[in-house]
Amino acid sequence: MMAIKTKERLPGHISENGKIMVAAIFVGIMAGIATFLLKESISFLSGMITHGLSISQFNYQFLIYPAIGILFASIFQLLTKEDLSNGSEQLKSKVASSDYQMRSNMILSPLLGCLITVGLGGSAGAEGPSAFSGAAIGSTTARWFKLSPSATRIIFGCGAAAGIAGIFKSPVGGIMFAIEILRMEFSVMGLLAVIGASVTSFAVCFALSGFSWNITLTGHQLFDPSQLLWVALLGIFSGIYSFYYNYTQIISGKFFKHIPNRWIRAGISGLGLGVLILLFPPLFGEGYNTVAHVINDNAILFYSPPFCHSANTEILLFGIAGILLLKGFAVGATNNGGGIAGKFAPTIFAGCLCGYIFAIAANFLFNTNLSPQNFALIGTAAVMAGALKAPLIAIFIAAEISDRYNFIIAFIVVSVLSYIIKRSIELFISRVKFAKQSIK
């Protein structure tokens with residue numbers, strides 16, 4: 001009788017929930033390895049290009065390599081017969097249409113395309129392709145495990161979350177990506193699977209990278225709660241900038257959509273991006289080195305004659321303002337001109353410079369004693385929250401990429417206010433447009 005009972009209990013050897021958890025951990029391991037290899041490859045390739053730069057004269061490789069990257073990415077998409085751009089947006093569309101099936105070749109294609117684009121200087125991040133690749137890992141794993149449609153949906157979400165958790169080394173950020181960006185709803189079992197995949201991906205990538213964070217901080221920054229009013233004002237400033245930042249991307253996107261020939265589009269975007277980077281070299285690539293330099297109180301190395309004397313505060317501020325004004329155009333050219341990249345890392349970069357320039361301006365105008373380095377760190381959450389309409393993911397990614405959870409209150413305040421201000425501006429403009437149309 002015991003043998004019969006045992007047989008009855010083990011018809012499939014493992015329950016559906018058990019399969020889901022095993023699949024989630026496997027997806028987390030694979031996504032962690034994939035994101036580590038992508039990040040290291042981008043760092044190696046961009047390091048080769050930026051090695052031996054001159055501070056006192058123009059570095060014309062900035063004019064050439066980003067254009068080559070976008071052109072090669074366009075060729076790569078033509079050869080693979082896949083649209084690999086705007087990975088996060090494509091995932092949102094898949095979730096909205098309940099389409100959780102992805103071909104296995106989509107595991108490597110986004111990563112290779114991103115390496116070409118960002119490694120050669122594209123002004124964007126690696127998170128969109130990482131999430132896209134992670135979702136493909138999840139979809140493929142679900143087929144291997146012969147999971148039901150509902151379980152496939154969970155593992156698809158696990159893969160996308162694991163891709164974000166690995167590339168940012170932010171497990172909570174990965175979970176928030178699936179919930180806040182992709183708008184996926186999970187049962188308790190599904191949420192546990194997403195948590196397992198995200199934590200596993202983070203742990204694998206963190207261990208393989210020598211237990212280092214994306215932004216290595218040399219000092220021990222401390223947050224002063226008495227400066228919360230200034231943090232709130234930074235949130236308002238960042239919300240206004242987030243609207244401008246998104247607007248410049250929209251303009252850029254519309255411009256390139258009106259160019260039907262992909263080669264002309266890639267050529268114009270690549271050369272335009274190259275000119276911007278030639279004048280403002282910190283626009284090159286993801287920008288994490290610049291973020292680390294700013295927060296660690298090191299001079300920003302512009303590698304461009306107009307701003308090479310960065311010890312001069314006025315010249316430095318002018319250069320930073322120029323970067324902030326042009327960053328949205330640079331990201332738009334990268335993502336809409338044929339490149340394969342993400343939109344998260346640029347908001348961290350822009351937010352860091354927003355916080356830095358805000359603190360310096362406040363100190364100059366109001367004789368305050370704000371730390372530009374601390375406000376640069378706080379700013380890493382601000383523009384992400386506003387521009388991406390995702391305050392929760394901004395709070396946790398900002399805390400985790402720098403290992404500074406002691407700033408969590410500041411991250412919350414600046415993210416919520418930036419999001420509210422940005423949304424308020426959008427609602428006001430939409431109401432004005434509606435009122436004008438009603439009058440007509």
# chains A, B, ... in the order shown; residues from 1 in each chain; ligands from 1
$ residues_around --residues "Ile195 (chain A)" --least-positions-apart "5" --cutoff "8 Å" --atoms "only C-alpha atoms" --output "short mmCIF file (atom, residue, chain, number, x, y, z; two decimals) with C-alpha atoms, in the first residue's frame"
data_model
loop_
_atom_site.label_atom_id
_atom_site.label_comp_id
_atom_site.auth_asym_id
_atom_site.auth_seq_id
_atom_site.Cartn_x
_atom_site.Cartn_y
_atom_site.Cartn_z
CA CYS A 158 10.97 36.52 -13.49
CA PRO A 171 17.26 42.91 -6.45
CA VAL A 172 14.42 45.13 -5.21
CA ILE A 175 11.09 43.24 -8.53
#
$ residues_around --residues "region 183-193 of chain A" --least-positions-apart "3" --cutoff "9 Å" --atoms "only C-alpha atoms" --output "number ranges by chain"
A: 17, 20-25, 92, 95-96, 151, 154-155, 157-158, 175, 177-180, 196-198
$ select_by_dssp --residues "region 167-339 of chain A" --states "helix (DSSP H, G or I)" --output "PyMOL selection string"
chain A and resi 167-168+171-181+188-208+225-257+262-279+281-283+288-295+305-307+313-336
$ residues_around --residues "Gly122 (chain A)" --least-positions-apart "2" --cutoff "6 Å" --atoms "only C-alpha atoms" --output "list in words"
Pro66, Thr117, Val118, Ala124, Gly285 and Thr334 of chain A
$ write_last_selection --atoms "C-alpha atoms" --output "PDB file, in the first residue's frame"
ATOM      1  CA  PRO A  66      29.361  56.205 -31.743  1.00  0.00           C
ATOM      2  CA  THR A 117      25.765  50.352 -29.364  1.00  0.00           C
ATOM      3  CA  VAL A 118      26.807  51.279 -25.816  1.00  0.00           C
ATOM      4  CA  ALA A 124      22.244  55.138 -23.218  1.00  0.00           C
ATOM      5  CA  GLY A 285      28.294  55.592 -23.025  1.00  0.00           C
ATOM      6  CA  THR A 334      20.881  56.529 -29.763  1.00  0.00           C
TER       7      THR A 334
END
